[in-house]
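Peer 1: Following this line is my_file.cif, made up of mmCIF, C-alpha atoms:
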data_query
#
loop_
_atom_site.label_atom_id
_atom_site.label_comp_id
_atom_site.auth_asym_id
_atom_site.auth_seq_id
_atom_site.Cartn_x
_atom_site.Cartn_y
_atom_site.Cartn_z
CA MET Q 1 2.39 39.84 48.69
CA THR Q 2 5.46 38.82 46.72
CA ARG Q 3 8.34 38.12 49.09
CA ILE Q 4 12.04 38.37 48.45
CA LEU Q 5 13.35 36.25 51.28
CA THR Q 6 16.61 36.96 53.08
CA HIS Q 7 18.90 34.34 54.56
CA GLU Q 8 22.44 33.85 55.79
CA ILE Q 9 24.92 31.56 54.09
CA GLY Q 10 26.48 29.68 56.98
CA SER Q 11 29.34 30.65 59.21
CA LEU Q 12 29.47 33.40 61.81
CA ALA Q 13 32.57 34.16 63.88
CA LYS Q 14 32.62 32.27 67.17
CA PRO Q 15 32.45 34.55 70.25
CA GLY Q 16 35.78 35.04 71.99
CA TRP Q 17 34.40 33.65 75.24
CA ARG Q 18 33.40 30.43 73.48
CA VAL Q 19 36.81 30.07 71.84
CA LYS Q 20 38.66 30.64 75.10
CA VAL Q 21 36.58 28.23 77.16
CA LEU Q 22 37.01 25.40 74.66
CA ALA Q 23 40.72 26.14 74.28
CA GLY Q 24 41.25 26.19 78.06
CA LYS Q 25 42.35 29.83 78.09
CA VAL Q 26 41.64 32.25 80.93
CA ILE Q 27 38.48 34.31 80.61
CA GLU Q 28 39.05 38.03 81.14
CA GLU Q 29 36.61 40.67 82.32
CA SER Q 30 36.38 42.02 78.77
CA ASP Q 31 35.09 38.62 77.59
CA ILE Q 32 32.31 38.70 80.18
CA GLU Q 33 31.40 42.27 79.30
CA TYR Q 34 31.28 41.33 75.61
CA ALA Q 35 28.84 38.51 76.37
CA LYS Q 36 26.68 40.86 78.43
CA LYS Q 37 26.78 43.51 75.70
CA TRP Q 38 25.50 41.15 73.01
CA ALA Q 39 22.96 39.56 75.35
CA GLU Q 40 21.49 43.04 75.79
CA ILE Q 41 21.57 43.82 72.06
CA LEU Q 42 19.86 40.50 71.31
CA ASP Q 43 17.30 40.82 74.13
CA ILE Q 44 18.38 37.60 75.85
CA GLY Q 45 19.86 39.03 79.04
CA GLU Q 46 17.57 37.02 81.29
CA GLN Q 47 18.51 33.79 79.48
CA VAL Q 48 22.27 33.96 79.96
CA ASP Q 49 22.73 34.12 83.74
CA GLU Q 50 24.17 30.61 83.72
CA LEU Q 51 26.63 31.55 80.98
CA ILE Q 52 27.88 34.49 83.03
CA ARG Q 53 28.29 32.24 86.09
CA ILE Q 54 30.37 29.80 84.02
CA LEU Q 55 32.54 32.57 82.57
CA ASP Q 56 33.04 34.01 86.06
CA LYS Q 57 35.00 30.88 86.92
CA ARG Q 58 37.68 32.30 84.58
CA THR Q 59 39.44 28.92 84.20
CA ASP Q 60 39.32 25.17 84.96
CA PHE Q 61 36.16 24.60 82.98
CA THR Q 62 34.56 21.17 83.13
CA ALA Q 63 33.36 19.19 80.13
CA GLU Q 64 29.81 20.13 81.12
CA ASP Q 65 30.78 23.81 81.26
CA LYS Q 66 32.18 23.56 77.74
CA ARG Q 67 29.05 21.85 76.45
CA LYS Q 68 26.84 24.57 77.93
CA VAL Q 69 29.05 27.35 76.55
CA VAL Q 70 28.67 25.91 73.04
CA ASP Q 71 24.91 25.74 73.59
CA PHE Q 72 24.92 29.41 74.56
CA SER Q 73 26.93 30.35 71.47
CA VAL Q 74 24.21 28.67 69.38
CA LEU Q 75 21.55 30.71 71.18
CA PHE Q 76 23.49 33.94 70.62
CA ALA Q 77 23.99 33.20 66.90
CA LEU Q 78 20.34 32.34 66.28
CA LYS Q 79 19.18 35.50 68.04
CA PHE Q 80 21.87 37.47 66.16
CA PHE Q 81 20.32 36.51 62.83
CA GLU Q 82 16.79 36.99 64.16
CA LYS Q 83 17.60 40.47 65.44
CA ALA Q 84 19.21 41.37 62.12
CA GLY Q 85 15.83 40.61 60.56
CA LEU Q 86 16.61 37.59 58.37
CA ASP Q 87 13.78 35.36 57.19
CA ILE Q 88 15.68 32.04 57.12
CA ILE Q 89 18.48 31.46 59.63
CA TYR Q 90 20.85 28.93 61.19
CA ASP Q 91 23.29 28.86 64.09
CA GLY Q 92 26.34 30.25 62.33
CA GLU Q 93 27.94 26.78 62.48
CA GLN Q 94 28.73 27.32 66.17
CA ARG Q 95 28.95 23.58 66.79
CA ARG Q 96 31.43 23.01 63.97
CA VAL Q 97 35.20 23.39 63.82
CA GLU Q 98 34.88 24.44 60.18
CA MET Q 99 33.05 23.12 57.14
CA TYR Q 100 35.57 20.44 56.11
CA GLU Q 101 37.02 19.10 59.35
CA TYR Q 102 33.66 18.88 61.10
CA ALA Q 103 32.34 16.58 58.37
CA VAL Q 104 35.46 14.46 57.83
CA ARG Q 105 35.85 13.80 61.56
CA ARG Q 106 32.52 12.00 61.36
CA ILE Q 107 33.13 9.95 58.23
CA LYS Q 108 34.77 6.56 58.57
CA GLY Q 109 37.64 5.92 56.16
CA PHE Q 110 39.66 9.12 56.69
CA LYS Q 111 42.74 9.97 58.73
CA PHE Q 112 44.03 13.49 59.39
CA VAL Q 113 47.55 14.29 58.24
CA GLY Q 114 48.14 17.95 59.14
CA HIS Q 115 47.12 21.59 58.72
CA VAL Q 116 47.03 23.54 55.47
CA ARG Q 117 46.23 27.19 54.82
CA SER Q 118 42.99 28.12 53.05
CA PHE Q 119 42.44 31.08 50.72
CA ASP Q 120 41.39 33.50 53.48
CA ASN Q 121 44.53 32.86 55.55
CA LYS Q 122 42.74 30.50 57.89
CA TYR Q 123 43.91 26.93 58.50
CA PHE Q 124 42.13 23.61 58.37
CA ARG Q 125 43.18 20.03 59.05
CA LYS Q 126 43.52 18.03 55.86
CA ALA Q 127 42.76 14.32 55.78
CA ALA Q 128 43.51 11.35 53.56
CA CYS Q 129 40.93 8.82 52.46
CA VAL Q 130 42.41 5.44 53.38
CA LYS Q 131 39.40 3.22 52.75
CA LYS Q 132 35.90 3.48 51.30
CA PRO Q 133 34.04 6.31 53.09
CA LYS Q 134 31.16 5.27 55.28
CA LEU Q 135 28.71 7.25 57.37
CA GLU Q 136 28.40 5.83 60.85
CA ASN Q 137 25.74 8.30 62.04
CA PRO Q 138 24.19 11.39 60.39
CA TYR Q 139 26.18 14.32 61.75
CA HIS Q 140 23.86 17.31 61.30
CA VAL Q 141 20.60 16.08 62.82
CA GLU Q 142 21.41 16.80 66.46
CA GLU Q 143 22.52 20.37 65.76
CA PHE Q 144 19.40 20.96 63.64
CA LEU Q 145 17.10 19.64 66.36
CA SER Q 146 18.80 21.66 69.10
CA ALA Q 147 18.59 24.84 67.01
CA SER Q 148 14.92 24.15 66.28
CA LYS Q 149 14.13 24.41 69.99
CA LEU Q 150 15.54 27.94 70.19
CA THR Q 151 13.78 29.71 67.33
CA LYS Q 152 10.51 29.82 65.46
CA LYS Q 153 12.21 30.99 62.28
CA PRO Q 154 12.73 28.57 59.37
CA LEU Q 155 16.16 26.94 59.56
CA LYS Q 156 18.48 26.26 56.63
CA VAL Q 157 21.13 23.61 57.26
CA PRO Q 158 24.44 23.99 55.38
CA ILE Q 159 26.20 20.73 54.53
CA THR Q 160 29.59 20.37 52.85
CA GLY Q 161 29.20 18.59 49.53
CA ALA Q 162 30.84 15.41 48.28
CA TYR Q 163 32.92 17.05 45.58
CA THR Q 164 34.52 19.56 47.95
CA ILE Q 165 35.24 16.91 50.58
CA ALA Q 166 37.00 14.80 47.94
CA ASP Q 167 38.84 17.74 46.38
CA TRP Q 168 40.15 18.97 49.72
CA SER Q 169 41.34 15.48 50.74
CA TYR Q 170 44.23 13.27 49.78
CA ASP Q 171 43.22 10.00 48.15
CA GLU Q 172 45.23 6.99 49.27
CA HIS Q 173 42.48 4.42 48.78
CA TYR Q 174 40.98 4.75 45.30
CA ILE Q 175 44.13 5.65 43.36
CA GLY Q 176 46.16 3.21 45.43
CA SER Q 177 44.96 0.39 43.23
CA VAL Q 178 46.12 2.14 40.04
CA ALA Q 179 49.65 1.00 39.19
CA ILE Q 180 51.98 3.71 37.91
CA GLY Q 181 52.73 3.16 34.25
CA SER Q 182 49.88 0.71 33.76
CA LYS Q 183 47.92 0.67 30.52
CA ASN Q 184 45.38 3.51 30.30
CA PHE Q 185 46.88 4.99 33.48
CA LEU Q 186 45.28 8.43 33.19
CA GLU Q 187 41.87 6.97 32.41
CA LYS Q 188 42.12 4.70 35.44
CA LEU Q 189 43.06 7.65 37.64
CA SER Q 190 40.02 9.53 36.38
CA GLN Q 191 37.74 6.57 37.10
CA ALA Q 192 39.22 6.20 40.59
CA ARG Q 193 38.49 9.86 41.36
CA LYS Q 194 34.93 9.54 40.07
CA ALA Q 195 34.41 6.49 42.29
CA PHE Q 196 35.73 8.42 45.33
CA ILE Q 197 33.34 11.32 44.74
CA SER Q 198 30.40 9.06 43.90
CA ASP Q 199 30.87 6.98 47.07
CA LEU Q 200 30.97 10.15 49.19
CA ALA Q 201 27.78 11.38 47.55
CA LYS Q 202 25.86 8.12 47.88
CA GLU Q 203 27.25 6.74 51.13
CA VAL Q 204 27.71 9.95 53.14
CA ILE Q 205 25.89 13.00 51.80
CA TYR Q 206 22.65 11.32 50.70
CA PRO Q 207 21.99 9.61 54.07
CA ASN Q 208 22.85 12.86 55.86
CA ILE Q 209 20.31 14.77 53.79
CA LYS Q 210 17.69 12.05 54.20
CA ALA Q 211 18.15 12.08 57.98
CA LEU Q 212 17.73 15.86 58.05
CA ILE Q 213 14.53 15.69 56.01
CA ASP Q 214 13.21 12.90 58.25
CA ALA Q 215 13.96 15.17 61.23
CA GLY Q 216 11.90 17.98 59.70
CA ALA Q 217 14.46 20.12 57.85
CA LYS Q 218 12.84 22.11 55.03
CA TYR Q 219 15.84 24.09 53.75
CA ILE Q 220 19.15 22.39 52.95
CA GLN Q 221 22.21 24.10 51.48
CA ILE Q 222 24.99 22.08 49.85
CA ASP Q 223 28.26 24.01 50.05
CA GLU Q 224 30.62 23.36 47.15
CA PRO Q 225 33.42 25.94 47.07
CA ALA Q 226 35.61 23.52 45.08
CA ALA Q 227 33.05 23.00 42.31
CA THR Q 228 34.93 24.77 39.50
CA THR Q 229 38.52 24.20 40.59
CA LYS Q 230 39.05 21.53 37.91
CA ARG Q 231 37.38 22.62 34.71
CA ASN Q 232 37.45 19.10 33.23
CA GLU Q 233 35.37 17.78 36.16
CA ILE Q 234 32.23 19.91 35.94
CA LYS Q 235 30.22 16.87 34.83
CA VAL Q 236 31.63 14.88 37.78
CA PHE Q 237 30.57 17.67 40.14
CA ILE Q 238 27.04 17.78 38.69
CA ASP Q 239 26.81 13.99 38.93
CA SER Q 240 27.80 14.19 42.60
CA ILE Q 241 24.94 16.60 43.35
CA ILE Q 242 22.47 14.32 41.59
CA ASP Q 243 23.78 11.32 43.56
CA SER Q 244 23.69 13.30 46.82
CA ILE Q 245 20.01 14.21 46.47
CA GLY Q 246 18.72 11.17 44.61
CA ASP Q 247 15.02 10.61 45.21
CA LEU Q 248 14.86 13.42 47.80
CA ALA Q 249 14.30 16.19 45.24
CA GLU Q 250 11.23 18.29 46.09
CA LYS Q 251 11.18 16.93 49.66
CA ALA Q 252 13.09 20.03 50.78
CA PHE Q 253 14.18 23.35 49.34
CA PHE Q 254 17.70 22.70 48.06
CA THR Q 255 20.35 25.38 47.60
CA ILE Q 256 23.81 25.02 46.12
CA HIS Q 257 26.28 27.62 47.37
CA ILE Q 258 29.43 28.13 45.31
CA CYS Q 259 31.64 31.10 46.20
CA PHE Q 260 34.41 32.97 44.42
CA SER Q 261 34.52 30.89 41.25
CA ASP Q 262 34.55 31.13 37.47
CA TYR Q 263 30.84 30.41 37.18
CA SER Q 264 30.92 30.35 33.40
CA LEU Q 265 32.48 26.88 33.65
CA LEU Q 266 29.23 25.53 35.10
CA PHE Q 267 27.17 26.24 32.00
CA PRO Q 268 25.39 24.62 30.30
CA GLU Q 269 26.07 21.45 32.35
CA ILE Q 270 24.37 22.86 35.45
CA GLY Q 271 21.08 22.79 33.59
CA ARG Q 272 20.90 19.09 34.49
CA LEU Q 273 20.09 20.18 38.04
CA GLU Q 274 16.84 21.90 37.13
CA GLY Q 275 14.06 20.20 39.09
CA ILE Q 276 16.62 18.90 41.61
CA ILE Q 277 18.20 22.08 42.98
CA ASP Q 278 15.87 24.99 43.75
CA GLU Q 279 18.33 27.83 44.32
CA LEU Q 280 21.78 28.63 42.95
CA HIS Q 281 23.57 30.97 45.33
CA PHE Q 282 26.66 32.67 43.92
CA GLU Q 283 28.78 35.63 45.00
CA TYR Q 284 28.22 38.90 43.17
CA ALA Q 285 28.98 41.79 45.54
CA ASN Q 286 32.68 40.93 45.75
CA ASP Q 287 33.08 41.86 42.08
CA ASP Q 288 30.69 44.81 42.07
CA THR Q 289 31.22 48.56 42.45
CA THR Q 290 30.07 50.33 45.59
CA GLU Q 291 28.45 53.14 43.61
CA LEU Q 292 24.68 53.59 43.61
CA GLY Q 293 22.74 52.96 40.44
CA VAL Q 294 21.05 50.25 38.43
CA SER Q 295 23.01 50.47 35.18
CA ALA Q 296 25.08 47.55 33.91
CA LYS Q 297 28.21 49.69 34.40
CA LYS Q 298 27.46 50.28 38.07
CA ARG Q 299 26.32 46.69 38.66
CA LYS Q 300 29.16 44.98 36.84
CA GLY Q 301 29.35 42.23 39.46
CA TYR Q 302 25.95 40.90 38.38
CA ARG Q 303 26.71 40.04 34.74
CA LEU Q 304 25.95 36.36 35.38
CA LEU Q 305 22.26 37.17 35.76
CA ASP Q 306 21.93 37.44 31.98
CA THR Q 307 22.86 33.76 31.76
CA LEU Q 308 20.79 32.63 34.73
CA ARG Q 309 17.55 34.16 33.52
CA GLU Q 310 17.39 31.44 30.84
CA TYR Q 311 17.14 28.76 33.54
CA ASP Q 312 14.41 27.89 36.04
CA PHE Q 313 16.52 28.15 39.21
CA LYS Q 314 15.78 30.66 41.91
CA ILE Q 315 18.56 33.21 42.19
CA GLY Q 316 20.51 33.33 45.44
CA LEU Q 317 21.74 36.90 45.20
CA GLY Q 318 24.92 37.79 47.06
CA THR Q 319 24.53 41.45 48.01
CA ILE Q 320 27.11 41.75 50.82
CA ASP Q 321 30.88 41.44 50.38
CA VAL Q 322 32.07 39.27 53.27
CA HIS Q 323 35.78 40.00 52.85
CA THR Q 324 35.69 43.68 53.71
CA ASP Q 325 34.57 45.73 56.70
CA PHE Q 326 32.85 48.18 54.37
CA ILE Q 327 29.24 48.45 55.56
CA GLU Q 328 27.07 48.40 52.47
CA PRO Q 329 24.43 51.14 52.79
CA PRO Q 330 20.83 49.97 52.33
CA GLU Q 331 20.60 52.02 49.13
CA LEU Q 332 23.42 50.00 47.58
CA VAL Q 333 21.74 46.71 48.49
CA ARG Q 334 18.48 48.12 47.11
CA ASP Q 335 20.07 48.95 43.76
CA ARG Q 336 21.73 45.54 43.49
CA ILE Q 337 18.35 43.89 44.04
CA LEU Q 338 16.56 46.22 41.64
CA TYR Q 339 19.12 45.46 38.97
CA ALA Q 340 18.61 41.72 39.54
CA ILE Q 341 14.84 42.12 39.28
CA ASP Q 342 15.28 43.97 36.00
CA ARG Q 343 17.53 41.27 34.57
CA ILE Q 344 15.56 38.27 35.87
CA GLY Q 345 12.07 39.75 35.51
CA GLU Q 346 10.48 37.91 38.42
CA PRO Q 347 11.03 39.22 41.98
CA SER Q 348 9.77 35.91 43.40
CA ARG Q 349 12.79 34.13 41.88
CA ILE Q 350 15.23 36.12 44.00
CA LEU Q 351 16.54 35.36 47.49
CA VAL Q 352 18.90 37.84 49.13
CA ALA Q 353 21.97 36.94 51.20
CA PRO Q 354 25.62 37.82 51.75
CA ASP Q 355 28.08 36.47 49.19
CA CYS Q 356 29.33 33.82 51.62
CA GLY Q 357 29.63 33.10 55.34
CA LEU Q 358 30.59 35.92 57.71
CA ARG Q 359 33.13 34.08 59.89
CA THR Q 360 35.97 36.46 58.98
CA ARG Q 361 34.09 39.57 60.15
CA THR Q 362 33.50 40.81 63.70
CA TRP Q 363 29.99 40.56 65.08
CA GLU Q 364 29.68 44.34 65.00
CA VAL Q 365 30.50 44.53 61.29
CA ALA Q 366 28.45 41.44 60.38
CA PHE Q 367 25.42 42.72 62.27
CA GLU Q 368 25.42 46.11 60.53
CA LYS Q 369 25.93 44.48 57.15
CA LEU Q 370 22.98 42.14 57.67
CA ARG Q 371 20.65 44.83 59.04
CA ASN Q 372 21.41 47.03 56.06
CA MET Q 373 20.86 44.07 53.75
CA VAL Q 374 17.38 43.52 55.16
CA GLU Q 375 16.59 47.23 54.98
CA GLY Q 376 17.83 47.32 51.39
CA ARG Q 377 15.53 44.41 50.53
CA ASN Q 378 12.61 46.31 52.05
CA MET Q 379 13.53 49.43 50.10
CA ALA Q 380 13.67 47.45 46.86
CA LEU Q 381 10.21 45.98 47.50
CA ALA Q 382 8.85 49.45 48.22
CA LYS Q 383 10.39 50.77 45.01
CA ILE Q 384 8.57 48.20 42.89
CA GLY Q 385 5.32 48.54 44.86
CA LEU Q 386 5.46 45.19 46.65
CA ALA Q 387 6.14 46.32 50.21
#
Produce structure tokens that represent the structure in this file.
Peer 2:
Amino acid sequence: MTRILTHEIGSLAKPGWRVKVLAGKVIEESDIEYAKKWAEILDIGEQVDELIRILDKRTDFTAEDKRKVVDFSVLFALKFFEKAGLDIIYDGEQRRVEMYEYAVRRIKGFKFVGHVRSFDNKYFRKAACVKKPKLENPYHVEEFLSASKLTKKPLKVPITGAYTIADWSYDEHYIGSVAIGSKNFLEKLSQARKAFISDLAKEVIYPNIKALIDAGAKYIQIDEPAATTKRNEIKVFIDSIIDSIGDLAEKAFFTIHICFSDYSLLFPEIGRLEGIIDELHFEYANDDTTELGVSAKKRKGYRLLDTLREYDFKIGLGTIDVHTDFIEPPELVRDRILYAIDRIGEPSRILVAPDCGLRTRTWEVAFEKLRNMVEGRNMALAKIGLA
């Protein structure tokens, strides 16, 4: 049977009880009831007695308490995605602060300089590169191995890419050697930036990916939200992906996730990644109508498919808008998938997911969105006779 696999993209909101325990805030009765509610929904009530005992302390949590609470949030997230019916899952990045800070904290050569606001009105700590980046220890292996013990589902590990890490950082090391007003100043600045990105790819991202593959990871997603922010650096971005994967191509299923971008800037340069990257996952639902139908007018958010069908990549199809509480009905997801099948021609080339991570949505909203996404996938398969 032809499968159209479903997967999540990365982040899931951290439970309030987890946030409060790690922040040293007092746990209220409502926090405990919320944990019990989701334990029941996820059929893990018998596994969380220790969590409830810890939360019942209300305050003065030990370091061991905090460690166990994070472990429980991983369990909840994995079972959340399982219960929603997804085929490929992860832990909702429950062990991470957020995609940038978590990585940079673990890379030698950076120092944090303060908080900045991101596009979705969240904040992250921005760092400066002060010397050549170096990976001391791979920083995703432990979380992958711990998640592997809690589920039988295939796991997909998201990892923040070299280009985005560089673009979201200040550079005090590489451009520091370029004297202002020197001959060929702009060219030297460009070469310094390329060296920064290349070193991150080769010295940090590649060994991280290799360590994950050695640990048994089969699905790896490289997150690059900054990929198209500088239209004159598309080639640099593509080079960074090639350097990040190197000789590891075909040793895992590789996805690139790029959200909320002008994707036209990637073409035709992105064709150099054929045979290296398996899946291109872009956002589509955010720009689509919410009307049912499979016409180009109704499915205006999926225009890019006409370009992608000329390439060999699998299509990571964003079918859920992650920046609204609107719960997409299964019929809408079905029609978005059917339109993609019509444009691409091969159902087996399509993987279905939300546009991006779900960290800005409540668990209630995220859960209903994902369940409807899975049901919509099933309806699409039934429609084309592949259920």
Peer 1: Using all atoms listed in the file, which of the listed residues (Q:Leu386, Q:Ala166, Q:Ile107, Q:Ile205) sits closest to Q:Ala192?
Peer 2: Q:Ala166
Peer 1: Contacts of Q:Thr319 at 12 Å or less, counting only C-alpha atoms, minus same-chain residues fewer than 5 places along, as a PDB file with C-alpha atoms, keeping the file's coordinate frame?
Peer 2:
ATOM      1  CA  THR Q   6      16.610  36.960  53.080  1.00  0.00           C
ATOM      2  CA  HIS Q   7      18.900  34.340  54.560  1.00  0.00           C
ATOM      3  CA  GLU Q   8      22.440  33.850  55.790  1.00  0.00           C
ATOM      4  CA  ILE Q   9      24.920  31.560  54.090  1.00  0.00           C
ATOM      5  CA  HIS Q 281      23.570  30.970  45.330  1.00  0.00           C
ATOM      6  CA  PHE Q 282      26.660  32.670  43.920  1.00  0.00           C
ATOM      7  CA  GLU Q 283      28.780  35.630  45.000  1.00  0.00           C
ATOM      8  CA  TYR Q 284      28.220  38.900  43.170  1.00  0.00           C
ATOM      9  CA  ALA Q 285      28.980  41.790  45.540  1.00  0.00           C
ATOM     10  CA  ASN Q 286      32.680  40.930  45.750  1.00  0.00           C
ATOM     11  CA  ASP Q 287      33.080  41.860  42.080  1.00  0.00           C
ATOM     12  CA  ASP Q 288      30.690  44.810  42.070  1.00  0.00           C
ATOM     13  CA  THR Q 289      31.220  48.560  42.450  1.00  0.00           C
ATOM     14  CA  THR Q 290      30.070  50.330  45.590  1.00  0.00           C
ATOM     15  CA  ARG Q 299      26.320  46.690  38.660  1.00  0.00           C
ATOM     16  CA  GLY Q 301      29.350  42.230  39.460  1.00  0.00           C
ATOM     17  CA  TYR Q 302      25.950  40.900  38.380  1.00  0.00           C
ATOM     18  CA  ILE Q 327      29.240  48.450  55.560  1.00  0.00           C
ATOM     19  CA  GLU Q 328      27.070  48.400  52.470  1.00  0.00           C
ATOM     20  CA  PRO Q 329      24.430  51.140  52.790  1.00  0.00           C
ATOM     21  CA  PRO Q 330      20.830  49.970  52.330  1.00  0.00           C
ATOM     22  CA  GLU Q 331      20.600  52.020  49.130  1.00  0.00           C
ATOM     23  CA  LEU Q 332      23.420  50.000  47.580  1.00  0.00           C
ATOM     24  CA  VAL Q 333      21.740  46.710  48.490  1.00  0.00           C
ATOM     25  CA  ARG Q 334      18.480  48.120  47.110  1.00  0.00           C
ATOM     26  CA  ASP Q 335      20.070  48.950  43.760  1.00  0.00           C
ATOM     27  CA  ARG Q 336      21.730  45.540  43.490  1.00  0.00           C
ATOM     28  CA  ILE Q 337      18.350  43.890  44.040  1.00  0.00           C
ATOM     29  CA  LEU Q 338      16.560  46.220  41.640  1.00  0.00           C
ATOM     30  CA  TYR Q 339      19.120  45.460  38.970  1.00  0.00           C
ATOM     31  CA  ALA Q 340      18.610  41.720  39.540  1.00  0.00           C
ATOM     32  CA  ILE Q 350      15.230  36.120  44.000  1.00  0.00           C
ATOM     33  CA  LEU Q 351      16.540  35.360  47.490  1.00  0.00           C
ATOM     34  CA  VAL Q 352      18.900  37.840  49.130  1.00  0.00           C
ATOM     35  CA  ALA Q 353      21.970  36.940  51.200  1.00  0.00           C
ATOM     36  CA  PRO Q 354      25.620  37.820  51.750  1.00  0.00           C
ATOM     37  CA  ASP Q 355      28.080  36.470  49.190  1.00  0.00           C
ATOM     38  CA  CYS Q 356      29.330  33.820  51.620  1.00  0.00           C
ATOM     39  CA  LYS Q 369      25.930  44.480  57.150  1.00  0.00           C
ATOM     40  CA  LEU Q 370      22.980  42.140  57.670  1.00  0.00           C
ATOM     41  CA  ASN Q 372      21.410  47.030  56.060  1.00  0.00           C
ATOM     42  CA  MET Q 373      20.860  44.070  53.750  1.00  0.00           C
ATOM     43  CA  VAL Q 374      17.380  43.520  55.160  1.00  0.00           C
ATOM     44  CA  GLY Q 376      17.830  47.320  51.390  1.00  0.00           C
ATOM     45  CA  ARG Q 377      15.530  44.410  50.530  1.00  0.00           C
TER      46      ARG Q 377
END
Peer 1: Measuring atom to atom with all atoms listed in the file, identify which of Q:Asp87, Q:Asp167, Q:Glu203, Q:Asp342 is nearest to Q:Asn137.
Peer 2: Q:Glu203
Peer 1: Please evaluate the PyMOL selection byres ((chain Q and resi 97) around 12) against the structure above and give the resulting residues as number ranges by chain.
Peer 2: Q: 11-14, 19, 22, 70, 92-96, 98-106, 122-125, 359
Peer 1: Using C-alpha atoms, can you write the selected residues to a file as a PDB file, keeping the file's coordinate frame?
Peer 2:
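Output (result.pdb):
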ATOM      1  CA  SER Q  11      29.340  30.650  59.210  1.00  0.00           C
ATOM      2  CA  LEU Q  12      29.470  33.400  61.810  1.00  0.00           C
ATOM      3  CA  ALA Q  13      32.570  34.160  63.880  1.00  0.00           C
ATOM      4  CA  LYS Q  14      32.620  32.270  67.170  1.00  0.00           C
ATOM      5  CA  VAL Q  19      36.810  30.070  71.840  1.00  0.00           C
ATOM      6  CA  LEU Q  22      37.010  25.400  74.660  1.00  0.00           C
ATOM      7  CA  VAL Q  70      28.670  25.910  73.040  1.00  0.00           C
ATOM      8  CA  GLY Q  92      26.340  30.250  62.330  1.00  0.00           C
ATOM      9  CA  GLU Q  93      27.940  26.780  62.480  1.00  0.00           C
ATOM     10  CA  GLN Q  94      28.730  27.320  66.170  1.00  0.00           C
ATOM     11  CA  ARG Q  95      28.950  23.580  66.790  1.00  0.00           C
ATOM     12  CA  ARG Q  96      31.430  23.010  63.970  1.00  0.00           C
ATOM     13  CA  GLU Q  98      34.880  24.440  60.180  1.00  0.00           C
ATOM     14  CA  MET Q  99      33.050  23.120  57.140  1.00  0.00           C
ATOM     15  CA  TYR Q 100      35.570  20.440  56.110  1.00  0.00           C
ATOM     16  CA  GLU Q 101      37.020  19.100  59.350  1.00  0.00           C
ATOM     17  CA  TYR Q 102      33.660  18.880  61.100  1.00  0.00           C
ATOM     18  CA  ALA Q 103      32.340  16.580  58.370  1.00  0.00           C
ATOM     19  CA  VAL Q 104      35.460  14.460  57.830  1.00  0.00           C
ATOM     20  CA  ARG Q 105      35.850  13.800  61.560  1.00  0.00           C
ATOM     21  CA  ARG Q 106      32.520  12.000  61.360  1.00  0.00           C
ATOM     22  CA  LYS Q 122      42.740  30.500  57.890  1.00  0.00           C
ATOM     23  CA  TYR Q 123      43.910  26.930  58.500  1.00  0.00           C
ATOM     24  CA  PHE Q 124      42.130  23.610  58.370  1.00  0.00           C
ATOM     25  CA  ARG Q 125      43.180  20.030  59.050  1.00  0.00           C
ATOM     26  CA  ARG Q 359      33.130  34.080  59.890  1.00  0.00           C
TER      27      ARG Q 359
END
Peer 1: Might you pull out every residue within 12 Å of Q:Asn232, with all atoms listed in the file counted and same-chain residues fewer than 4 positions away left off, and present them as a PyMOL selection string?
Peer 2: chain Q and resi 190+227-228+236-238+265-266+269
Peer 1: Write out the residues from the selection above, keeping C-alpha atoms, as a PDB file, keeping the file's coordinate frame.
Peer 2:
ATOM      1  CA  SER Q 190      40.020   9.530  36.380  1.00  0.00           C
ATOM      2  CA  ALA Q 227      33.050  23.000  42.310  1.00  0.00           C
ATOM      3  CA  THR Q 228      34.930  24.770  39.500  1.00  0.00           C
ATOM      4  CA  VAL Q 236      31.630  14.880  37.780  1.00  0.00           C
ATOM      5  CA  PHE Q 237      30.570  17.670  40.140  1.00  0.00           C
ATOM      6  CA  ILE Q 238      27.040  17.780  38.690  1.00  0.00           C
ATOM      7  CA  LEU Q 265      32.480  26.880  33.650  1.00  0.00           C
ATOM      8  CA  LEU Q 266      29.230  25.530  35.100  1.00  0.00           C
ATOM      9  CA  GLU Q 269      26.070  21.450  32.350  1.00  0.00           C
TER      10      GLU Q 269
END
Peer 1: Using atom CA of Q:Lys298 and atom CA of Q:Ile4 as the two end points, give the distance in Å to one decimal.
Peer 2: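 Atom CA of Q:Lys298 sits 22.1 Å away from atom CA of Q:Ile4.
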Peer 1: Could you write out as a ChimeraX atom specification the residues that the PyMOL selection byres ((chain Q and resi 210) around 10) matches in the shown file?
Peer 2: /Q:138,141,205-209,211-217,244-248,251-252
Peer 1: Interatomic distance between atom CA of Q:Val204 and atom CA of Q:Lys131?
Peer 2: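 Going from atom CA of Q:Val204 over to atom CA of Q:Lys131 covers 13.5 Å.
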Peer 1: From the set Q:Phe254, Q:Tyr163, Q:Phe110, Q:Phe144, which residue has the shortest atom-to-atom contact distance to Q:Asp91, counting all atoms listed in the file?
Peer 2: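 Among the listed residues, the smallest separation from Q:Asp91 belongs to Q:Phe144.
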Peer 1: Go through the shown structure with the PyMOL selection byres ((chain Q and resi 89) around 12) and write out the matching residues as a PyMOL selection string.
Peer 2: chain Q and resi 5-12+74-75+77-88+90-93+144+147-148+150-158+218-221+353+370
Peer 1: Please identify all polymer residues within 12 Å of Q:Glu64, counting all atoms listed in the file, omitting same-chain residues fewer than 4 positions from it, and present them as a short mmCIF file (atom, residue, chain, number, x, y, z; two decimals) with C-alpha atoms, in the coordinates of the input.
Peer 2:
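In the end it all went to part-v8.cif:
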data_model
loop_
_atom_site.label_atom_id
_atom_site.label_comp_id
_atom_site.auth_asym_id
_atom_site.auth_seq_id
_atom_site.Cartn_x
_atom_site.Cartn_y
_atom_site.Cartn_z
CA VAL Q 21 36.58 28.23 77.16
CA LEU Q 22 37.01 25.40 74.66
CA LEU Q 51 26.63 31.55 80.98
CA ILE Q 54 30.37 29.80 84.02
CA ASP Q 60 39.32 25.17 84.96
CA LYS Q 68 26.84 24.57 77.93
CA VAL Q 69 29.05 27.35 76.55
CA VAL Q 70 28.67 25.91 73.04
CA ASP Q 71 24.91 25.74 73.59
#
